[in-house]
file coords22.txt (compact mmCIF, N, CA and C atoms)
# COMPACT_ATOMS: atom_id res chain seq x y z
N ILE A 1 -6.00 -9.82 9.49
CA ILE A 1 -6.08 -8.79 10.50
C ILE A 1 -6.95 -9.32 11.63
N ASN A 2 -6.50 -9.13 12.84
CA ASN A 2 -7.25 -9.57 14.00
C ASN A 2 -8.24 -8.50 14.41
N TYR A 3 -9.50 -8.74 14.11
CA TYR A 3 -10.54 -7.79 14.44
C TYR A 3 -11.14 -8.14 15.80
N LEU A 4 -11.91 -7.23 16.33
CA LEU A 4 -12.76 -7.54 17.46
C LEU A 4 -13.83 -8.52 17.00
N PRO A 5 -14.57 -9.13 17.91
CA PRO A 5 -15.62 -10.06 17.46
C PRO A 5 -16.58 -9.44 16.45
N SER A 6 -16.94 -8.20 16.63
CA SER A 6 -17.82 -7.53 15.66
C SER A 6 -17.23 -6.15 15.35
N PRO A 7 -16.34 -6.10 14.34
CA PRO A 7 -15.73 -4.80 14.04
C PRO A 7 -16.73 -3.84 13.44
N PRO A 8 -16.47 -2.56 13.63
CA PRO A 8 -17.36 -1.57 12.98
C PRO A 8 -17.29 -1.68 11.46
N GLU A 9 -18.32 -1.19 10.83
CA GLU A 9 -18.40 -1.27 9.36
C GLU A 9 -17.24 -0.54 8.70
N SER A 10 -16.79 0.56 9.28
CA SER A 10 -15.70 1.32 8.67
C SER A 10 -14.39 0.53 8.69
N VAL A 11 -14.18 -0.28 9.73
CA VAL A 11 -12.96 -1.09 9.78
C VAL A 11 -13.00 -2.16 8.70
N ARG A 12 -14.16 -2.75 8.47
CA ARG A 12 -14.27 -3.73 7.38
C ARG A 12 -14.07 -3.07 6.02
N LYS A 13 -14.59 -1.84 5.86
CA LYS A 13 -14.39 -1.12 4.60
C LYS A 13 -12.91 -0.84 4.36
N ILE A 14 -12.21 -0.45 5.42
CA ILE A 14 -10.78 -0.17 5.28
C ILE A 14 -10.02 -1.44 4.90
N GLY A 15 -10.40 -2.57 5.47
CA GLY A 15 -9.78 -3.84 5.08
C GLY A 15 -10.02 -4.16 3.62
N GLY A 16 -11.25 -3.90 3.14
CA GLY A 16 -11.55 -4.12 1.72
C GLY A 16 -10.78 -3.19 0.81
N ILE A 17 -10.65 -1.93 1.23
CA ILE A 17 -9.89 -0.96 0.44
C ILE A 17 -8.42 -1.36 0.39
N ALA A 18 -7.88 -1.83 1.51
CA ALA A 18 -6.48 -2.27 1.53
C ALA A 18 -6.27 -3.45 0.60
N SER A 19 -7.21 -4.38 0.58
CA SER A 19 -7.10 -5.53 -0.33
C SER A 19 -7.19 -5.08 -1.79
N PHE A 20 -8.08 -4.13 -2.07
CA PHE A 20 -8.22 -3.62 -3.43
C PHE A 20 -6.95 -2.90 -3.88
N GLN A 21 -6.35 -2.12 -3.00
CA GLN A 21 -5.11 -1.43 -3.37
C GLN A 21 -3.94 -2.42 -3.51
N SER A 22 -3.97 -3.51 -2.77
CA SER A 22 -2.96 -4.56 -2.98
C SER A 22 -3.12 -5.18 -4.37
N PHE A 23 -4.36 -5.39 -4.78
CA PHE A 23 -4.61 -5.90 -6.13
C PHE A 23 -4.09 -4.92 -7.19
N ILE A 24 -4.29 -3.63 -6.96
CA ILE A 24 -3.79 -2.62 -7.90
C ILE A 24 -2.27 -2.69 -7.98
N SER A 25 -1.61 -2.89 -6.86
CA SER A 25 -0.14 -3.02 -6.86
C SER A 25 0.32 -4.24 -7.65
N VAL A 26 -0.42 -5.33 -7.54
CA VAL A 26 -0.08 -6.53 -8.31
C VAL A 26 -0.24 -6.26 -9.80
N VAL A 27 -1.29 -5.56 -10.20
CA VAL A 27 -1.49 -5.22 -11.62
C VAL A 27 -0.35 -4.32 -12.10
N GLN A 28 0.09 -3.37 -11.29
CA GLN A 28 1.19 -2.50 -11.68
C GLN A 28 2.50 -3.29 -11.80
N CYS A 29 2.72 -4.25 -10.92
CA CYS A 29 3.93 -5.10 -11.04
C CYS A 29 3.89 -5.95 -12.30
N LEU A 30 2.72 -6.49 -12.61
CA LEU A 30 2.59 -7.26 -13.86
C LEU A 30 2.83 -6.39 -15.08
N ALA A 31 2.35 -5.17 -15.05
CA ALA A 31 2.58 -4.24 -16.16
C ALA A 31 4.07 -3.94 -16.30
N ALA A 32 4.74 -3.74 -15.19
CA ALA A 32 6.18 -3.46 -15.25
C ALA A 32 6.95 -4.67 -15.79
N MET A 33 6.59 -5.85 -15.32
CA MET A 33 7.28 -7.06 -15.82
C MET A 33 7.00 -7.29 -17.30
N THR A 34 5.80 -6.97 -17.75
CA THR A 34 5.47 -7.11 -19.17
C THR A 34 6.27 -6.11 -20.00
N SER A 35 6.45 -4.90 -19.51
CA SER A 35 7.25 -3.94 -20.28
C SER A 35 8.71 -4.35 -20.32
N ILE A 36 9.23 -4.92 -19.23
CA ILE A 36 10.61 -5.43 -19.24
C ILE A 36 10.74 -6.57 -20.22
N ALA A 37 9.73 -7.46 -20.23
CA ALA A 37 9.77 -8.58 -21.17
C ALA A 37 9.73 -8.08 -22.61
N SER A 38 8.98 -7.02 -22.86
CA SER A 38 8.92 -6.45 -24.20
C SER A 38 10.28 -5.93 -24.65
N ILE A 39 10.99 -5.27 -23.74
CA ILE A 39 12.32 -4.75 -24.08
C ILE A 39 13.29 -5.90 -24.34
N VAL A 40 13.26 -6.92 -23.49
CA VAL A 40 14.17 -8.05 -23.65
C VAL A 40 13.89 -8.80 -24.95
N VAL A 41 12.61 -9.05 -25.20
CA VAL A 41 12.26 -9.75 -26.45
C VAL A 41 12.62 -8.90 -27.66
N GLY A 42 12.49 -7.59 -27.56
CA GLY A 42 12.89 -6.71 -28.66
C GLY A 42 14.38 -6.84 -28.97
N PHE A 43 15.22 -6.88 -27.91
CA PHE A 43 16.65 -7.08 -28.14
C PHE A 43 16.95 -8.45 -28.72
N VAL A 44 16.26 -9.47 -28.21
CA VAL A 44 16.49 -10.84 -28.70
C VAL A 44 16.12 -10.94 -30.18
N ILE A 45 15.00 -10.35 -30.57
CA ILE A 45 14.60 -10.37 -31.98
C ILE A 45 15.54 -9.52 -32.82
N ARG A 46 15.95 -8.38 -32.29
CA ARG A 46 16.83 -7.46 -33.04
C ARG A 46 18.17 -8.10 -33.37
N PHE A 47 18.72 -8.88 -32.44
CA PHE A 47 20.02 -9.49 -32.67
C PHE A 47 19.93 -10.88 -33.29
N GLY A 48 18.72 -11.30 -33.67
CA GLY A 48 18.56 -12.51 -34.45
C GLY A 48 18.54 -13.81 -33.66
N PHE A 49 18.36 -13.76 -32.34
CA PHE A 49 18.30 -15.00 -31.57
C PHE A 49 16.93 -15.65 -31.65
N LEU A 50 15.92 -14.91 -32.05
CA LEU A 50 14.56 -15.42 -32.15
C LEU A 50 13.98 -14.91 -33.46
N THR A 51 13.45 -15.82 -34.23
CA THR A 51 12.86 -15.43 -35.51
C THR A 51 11.46 -16.03 -35.61
N GLY A 52 10.66 -15.46 -36.49
CA GLY A 52 9.33 -16.00 -36.74
C GLY A 52 8.22 -15.36 -35.94
N VAL A 53 8.54 -14.48 -34.98
CA VAL A 53 7.51 -13.82 -34.17
C VAL A 53 7.79 -12.31 -34.18
N PRO A 54 7.55 -11.64 -35.29
CA PRO A 54 7.91 -10.22 -35.37
C PRO A 54 7.01 -9.31 -34.54
N ASP A 55 5.78 -9.70 -34.27
CA ASP A 55 4.85 -8.84 -33.56
C ASP A 55 4.84 -9.07 -32.05
N LEU A 56 5.69 -9.95 -31.55
CA LEU A 56 5.67 -10.27 -30.12
C LEU A 56 6.04 -9.06 -29.27
N THR A 57 7.01 -8.29 -29.70
CA THR A 57 7.41 -7.10 -28.95
C THR A 57 6.26 -6.10 -28.88
N PHE A 58 5.60 -5.90 -30.01
CA PHE A 58 4.47 -4.97 -30.06
C PHE A 58 3.33 -5.44 -29.16
N ILE A 59 3.03 -6.73 -29.18
CA ILE A 59 1.96 -7.29 -28.36
C ILE A 59 2.27 -7.12 -26.88
N LEU A 60 3.51 -7.41 -26.49
CA LEU A 60 3.90 -7.24 -25.09
C LEU A 60 3.86 -5.78 -24.66
N ALA A 61 4.32 -4.90 -25.53
CA ALA A 61 4.31 -3.47 -25.19
C ALA A 61 2.88 -2.94 -25.05
N MET A 62 2.00 -3.34 -25.94
CA MET A 62 0.61 -2.89 -25.87
C MET A 62 -0.09 -3.46 -24.63
N SER A 63 0.21 -4.70 -24.28
CA SER A 63 -0.40 -5.26 -23.07
C SER A 63 0.14 -4.57 -21.82
N ALA A 64 1.40 -4.16 -21.82
CA ALA A 64 1.95 -3.41 -20.68
C ALA A 64 1.27 -2.05 -20.56
N ILE A 65 1.10 -1.38 -21.68
CA ILE A 65 0.42 -0.08 -21.66
C ILE A 65 -1.02 -0.24 -21.18
N GLY A 66 -1.69 -1.29 -21.66
CA GLY A 66 -3.06 -1.56 -21.23
C GLY A 66 -3.15 -1.84 -19.74
N ALA A 67 -2.20 -2.62 -19.22
CA ALA A 67 -2.20 -2.91 -17.79
C ALA A 67 -1.94 -1.65 -16.97
N PHE A 68 -1.05 -0.78 -17.44
CA PHE A 68 -0.81 0.48 -16.74
C PHE A 68 -2.06 1.37 -16.75
N VAL A 69 -2.76 1.43 -17.88
CA VAL A 69 -3.97 2.24 -17.97
C VAL A 69 -5.04 1.68 -17.03
N ILE A 70 -5.19 0.35 -17.01
CA ILE A 70 -6.17 -0.26 -16.11
C ILE A 70 -5.81 0.02 -14.66
N SER A 71 -4.53 -0.05 -14.32
CA SER A 71 -4.14 0.21 -12.93
C SER A 71 -4.37 1.67 -12.55
N ILE A 72 -4.17 2.59 -13.48
CA ILE A 72 -4.44 4.01 -13.20
C ILE A 72 -5.94 4.23 -12.98
N ILE A 73 -6.77 3.61 -13.80
CA ILE A 73 -8.22 3.74 -13.63
C ILE A 73 -8.66 3.15 -12.30
N LEU A 74 -8.12 1.98 -11.95
CA LEU A 74 -8.47 1.38 -10.66
C LEU A 74 -7.98 2.23 -9.49
N GLN A 75 -6.81 2.83 -9.62
CA GLN A 75 -6.29 3.70 -8.56
C GLN A 75 -7.16 4.94 -8.40
N LEU A 76 -7.60 5.52 -9.50
CA LEU A 76 -8.52 6.66 -9.42
C LEU A 76 -9.83 6.26 -8.76
N TYR A 77 -10.34 5.09 -9.10
CA TYR A 77 -11.57 4.60 -8.47
C TYR A 77 -11.38 4.42 -6.96
N ALA A 78 -10.26 3.84 -6.56
CA ALA A 78 -10.01 3.62 -5.14
C ALA A 78 -9.88 4.94 -4.40
N ASN A 79 -9.18 5.90 -4.98
CA ASN A 79 -8.95 7.16 -4.29
C ASN A 79 -10.16 8.09 -4.31
N LEU A 80 -10.87 8.14 -5.41
CA LEU A 80 -11.95 9.10 -5.55
C LEU A 80 -13.32 8.56 -5.16
N VAL A 81 -13.50 7.26 -5.15
CA VAL A 81 -14.80 6.69 -4.82
C VAL A 81 -14.76 5.97 -3.47
N LEU A 82 -13.89 4.96 -3.37
CA LEU A 82 -13.89 4.16 -2.15
C LEU A 82 -13.43 4.94 -0.92
N LEU A 83 -12.34 5.68 -1.05
CA LEU A 83 -11.86 6.45 0.09
C LEU A 83 -12.77 7.63 0.41
N TYR A 84 -13.43 8.16 -0.58
CA TYR A 84 -14.34 9.29 -0.36
C TYR A 84 -15.57 8.85 0.44
N LYS A 85 -15.96 7.58 0.29
CA LYS A 85 -17.16 7.09 0.96
C LYS A 85 -16.91 6.67 2.41
N LEU A 86 -15.67 6.73 2.88
CA LEU A 86 -15.40 6.37 4.27
C LEU A 86 -16.01 7.39 5.22
N GLU A 87 -16.46 6.89 6.36
CA GLU A 87 -17.02 7.78 7.37
C GLU A 87 -15.89 8.57 8.02
N PRO A 88 -16.18 9.77 8.51
CA PRO A 88 -15.15 10.55 9.20
C PRO A 88 -14.64 9.88 10.47
N SER A 89 -15.44 8.98 11.03
CA SER A 89 -15.04 8.30 12.27
C SER A 89 -14.22 7.04 12.02
N ALA A 90 -13.77 6.82 10.79
CA ALA A 90 -13.05 5.59 10.47
C ALA A 90 -11.74 5.47 11.25
N ALA A 91 -11.00 6.56 11.37
CA ALA A 91 -9.73 6.51 12.10
C ALA A 91 -9.97 6.20 13.57
N LYS A 92 -11.01 6.77 14.13
CA LYS A 92 -11.36 6.52 15.53
C LYS A 92 -11.75 5.04 15.72
N ASP A 93 -12.51 4.50 14.78
CA ASP A 93 -12.91 3.10 14.86
C ASP A 93 -11.72 2.16 14.75
N VAL A 94 -10.77 2.49 13.88
CA VAL A 94 -9.58 1.65 13.73
C VAL A 94 -8.76 1.68 15.01
N CYS A 95 -8.58 2.86 15.59
CA CYS A 95 -7.82 2.97 16.84
C CYS A 95 -8.51 2.20 17.95
N ARG A 96 -9.83 2.29 18.02
CA ARG A 96 -10.57 1.58 19.04
C ARG A 96 -10.47 0.06 18.83
N SER A 97 -10.50 -0.37 17.58
CA SER A 97 -10.44 -1.81 17.29
C SER A 97 -9.08 -2.41 17.60
N PHE A 98 -8.02 -1.63 17.42
CA PHE A 98 -6.67 -2.15 17.61
C PHE A 98 -5.98 -1.48 18.80
N TRP A 99 -6.73 -1.07 19.79
CA TRP A 99 -6.17 -0.32 20.92
C TRP A 99 -5.11 -1.13 21.66
N GLY A 100 -5.36 -2.40 21.90
CA GLY A 100 -4.38 -3.23 22.61
C GLY A 100 -3.08 -3.36 21.84
N THR A 101 -3.16 -3.56 20.55
CA THR A 101 -1.97 -3.66 19.71
C THR A 101 -1.21 -2.34 19.68
N LEU A 102 -1.94 -1.23 19.61
CA LEU A 102 -1.28 0.07 19.59
C LEU A 102 -0.57 0.35 20.91
N LEU A 103 -1.18 0.00 22.02
CA LEU A 103 -0.54 0.19 23.32
C LEU A 103 0.71 -0.68 23.45
N GLN A 104 0.65 -1.89 22.94
CA GLN A 104 1.81 -2.78 22.98
C GLN A 104 2.95 -2.21 22.13
N LYS A 105 2.64 -1.71 20.94
CA LYS A 105 3.68 -1.09 20.10
C LYS A 105 4.27 0.13 20.77
N TYR A 106 3.42 0.94 21.41
CA TYR A 106 3.91 2.12 22.11
C TYR A 106 4.85 1.71 23.24
N ALA A 107 4.48 0.66 23.98
CA ALA A 107 5.33 0.19 25.08
C ALA A 107 6.66 -0.36 24.55
N ASP A 108 6.62 -1.00 23.39
CA ASP A 108 7.85 -1.55 22.80
C ASP A 108 8.82 -0.45 22.38
N PHE A 109 8.29 0.66 21.88
CA PHE A 109 9.15 1.72 21.38
C PHE A 109 9.45 2.82 22.40
N ASN A 110 8.74 2.84 23.50
CA ASN A 110 8.93 3.87 24.50
C ASN A 110 10.14 3.51 25.37
N ILE A 111 11.13 4.39 25.43
CA ILE A 111 12.34 4.08 26.19
C ILE A 111 12.22 4.53 27.64
N GLY A 112 11.20 5.24 27.96
CA GLY A 112 11.00 5.65 29.34
C GLY A 112 11.74 6.93 29.67
N ARG A 113 11.39 7.50 30.81
CA ARG A 113 11.97 8.77 31.24
C ARG A 113 13.06 8.50 32.25
N SER A 114 14.20 9.10 32.04
CA SER A 114 15.33 8.97 32.96
C SER A 114 15.15 9.94 34.13
N ASP A 115 15.62 9.54 35.32
CA ASP A 115 15.52 10.41 36.49
C ASP A 115 16.45 11.61 36.38
N LYS A 116 17.52 11.49 35.65
CA LYS A 116 18.52 12.56 35.55
C LYS A 116 18.33 13.41 34.30
N SER A 117 17.26 13.22 33.58
CA SER A 117 17.04 13.94 32.33
C SER A 117 16.53 15.35 32.61
N ILE A 118 17.00 16.29 31.80
CA ILE A 118 16.52 17.67 31.91
C ILE A 118 15.56 18.00 30.77
N ALA A 119 15.36 17.05 29.86
CA ALA A 119 14.46 17.28 28.73
C ALA A 119 13.02 17.08 29.18
N SER A 120 12.12 17.75 28.48
CA SER A 120 10.70 17.62 28.80
C SER A 120 10.22 16.23 28.38
N PRO A 121 9.13 15.75 28.98
CA PRO A 121 8.60 14.43 28.58
C PRO A 121 8.23 14.38 27.10
N ALA A 122 7.72 15.47 26.56
CA ALA A 122 7.36 15.48 25.15
C ALA A 122 8.59 15.35 24.27
N LEU A 123 9.69 16.00 24.64
CA LEU A 123 10.92 15.92 23.87
C LEU A 123 11.50 14.51 23.94
N GLU A 124 11.49 13.91 25.12
CA GLU A 124 11.99 12.55 25.26
C GLU A 124 11.13 11.57 24.47
N ASP A 125 9.83 11.79 24.50
CA ASP A 125 8.93 10.93 23.74
C ASP A 125 9.20 11.05 22.26
N ARG A 126 9.44 12.27 21.78
CA ARG A 126 9.75 12.48 20.36
C ARG A 126 11.06 11.80 20.00
N GLU A 127 12.07 11.90 20.87
CA GLU A 127 13.37 11.28 20.58
C GLU A 127 13.28 9.77 20.59
N SER A 128 12.41 9.19 21.41
CA SER A 128 12.31 7.74 21.46
C SER A 128 11.69 7.19 20.19
N TRP A 129 10.92 8.00 19.47
CA TRP A 129 10.29 7.54 18.23
C TRP A 129 11.11 7.83 17.00
N GLU A 130 12.20 8.57 17.13
CA GLU A 130 13.03 8.89 15.95
C GLU A 130 13.99 7.79 15.64
call {"tool": "encode", "arguments": {"input": "coords22.txt", "output": "structure tokens"}}
result
Amino acid sequence: INYLPSPPESVRKIGGIASFQSFISVVQCLAAMTSIASIVVGFVIRFGFLTGVPDLTFILAMSAIGAFVISIILQLYANLVLLYKLEPSAAKDVCRSFWGTLLQKYADFNIGRSDKSIASPALEDRESWE
């Protein structure tokens, strides 16, 4: 993220929270892949293509459940602790820090007002963003 030379503390906190939530998403993806692997290994063992490892399905399933529980706990921590500690001025600080980028995006998506239009500027602005 391109910050100003000295971003406000709330902008740095939001960057840390975004990184933490990305980590939570990775843990959830690993849990989902582990549960899929458990199902596949269960079918492979059931139809006799793999022998000698009877507890592998159980181990994979328990690790998937554990990863899901850990991700839920981390998500609760992020939502109830980290986001709760943000200052009320965080949104204002983010807008101030990325004002140039926001204006550029607005200019890219704004189609402008036609001379022959009978719609209000607010209605045209709403239609340009839809």
call {"tool": "select_by_dssp", "arguments": {"input": "coords22.txt", "residues": "region 3-106 of chain A", "states": "alpha helix (DSSP H)", "output": "PyMOL selection string"}}
result
chain A and resi 9-46+56-77+90-97+99-106
call {"tool": "residues_around", "arguments": {"input": "coords22.txt", "residues": "region 28-35 of chain A", "least_positions_apart": "4", "cutoff": "7 Å", "atoms": "all atoms listed in the file", "output": "short mmCIF file (atom, residue, chain, number, x, y, z; two decimals) with N, CA and C atoms, in the coordinates of the input"}}
result
data_model
loop_
_atom_site.label_atom_id
_atom_site.label_comp_id
_atom_site.auth_asym_id
_atom_site.auth_seq_id
_atom_site.Cartn_x
_atom_site.Cartn_y
_atom_site.Cartn_z
N PHE A 23 -4.36 -5.39 -4.78
CA PHE A 23 -4.61 -5.90 -6.13
C PHE A 23 -4.09 -4.92 -7.19
N ILE A 24 -4.29 -3.63 -6.96
CA ILE A 24 -3.79 -2.62 -7.90
C ILE A 24 -2.27 -2.69 -7.98
N ILE A 39 10.99 -5.27 -23.74
CA ILE A 39 12.32 -4.75 -24.08
C ILE A 39 13.29 -5.90 -24.34
N VAL A 40 13.26 -6.92 -23.49
CA VAL A 40 14.17 -8.05 -23.65
C VAL A 40 13.89 -8.80 -24.95
N LEU A 60 3.51 -7.41 -26.49
CA LEU A 60 3.90 -7.24 -25.09
C LEU A 60 3.86 -5.78 -24.66
N ALA A 61 4.32 -4.90 -25.53
CA ALA A 61 4.31 -3.47 -25.19
C ALA A 61 2.88 -2.94 -25.05
N SER A 63 0.21 -4.70 -24.28
CA SER A 63 -0.40 -5.26 -23.07
C SER A 63 0.14 -4.57 -21.82
N ALA A 64 1.40 -4.16 -21.82
CA ALA A 64 1.95 -3.41 -20.68
C ALA A 64 1.27 -2.05 -20.56
N ILE A 65 1.10 -1.38 -21.68
CA ILE A 65 0.42 -0.08 -21.66
C ILE A 65 -1.02 -0.24 -21.18
N ALA A 67 -2.20 -2.62 -19.22
CA ALA A 67 -2.20 -2.91 -17.79
C ALA A 67 -1.94 -1.65 -16.97
N PHE A 68 -1.05 -0.78 -17.44
CA PHE A 68 -0.81 0.48 -16.74
C PHE A 68 -2.06 1.37 -16.75
N SER A 71 -4.53 -0.05 -14.32
CA SER A 71 -4.14 0.21 -12.93
C SER A 71 -4.37 1.67 -12.55
#
call {"tool": "atom_distance", "arguments": {"input": "coords22.txt", "atom1": "CA of Ser89 (chain A)", "atom2": "CA of Pro8 (chain A)"}}
result
10.2 Å
call {"tool": "residues_around", "arguments": {"input": "coords22.txt", "residues": "Ala18 (chain A)", "least_positions_apart": "3", "cutoff": "12 Å", "atoms": "only C-alpha atoms", "output": "list in words"}}
result
Ile1, Val11, Arg12, Lys13, Ile14, Gly15, Gln21, Ser22, Phe23, Ile24, Ser25, Gln75, Ala78, Asn79, Leu82 and Leu83 of chain A
call {"tool": "atom_distance", "arguments": {"input": "coords22.txt", "atom1": "atom C of Val27 (chain A)", "atom2": "atom N of Ile72 (chain A)"}}
result
8.0 Å
call {"tool": "atom_distance", "arguments": {"input": "coords22.txt", "atom1": "atom N of Gln104 (chain A)", "atom2": "atom C of Ala119 (chain A)"}}
result
23.5 Å
call {"tool": "residues_around", "arguments": {"input": "coords22.txt", "residues": "Leu56 (chain A)", "least_positions_apart": "4", "cutoff": "8 Å", "atoms": "only N, CA and C atoms", "output": "JSON, numbers by chain"}}
result
{"A": [37, 38, 41, 42, 52, 60, 61, 62]}
call {"tool": "closest_residue", "arguments": {"input": "coords22.txt", "among": "A:Gly66, A:Thr101, A:Arg126, A:Leu74", "to": "Phe20 (chain A)", "atoms": "only N, CA and C atoms"}}
result
A:Leu74
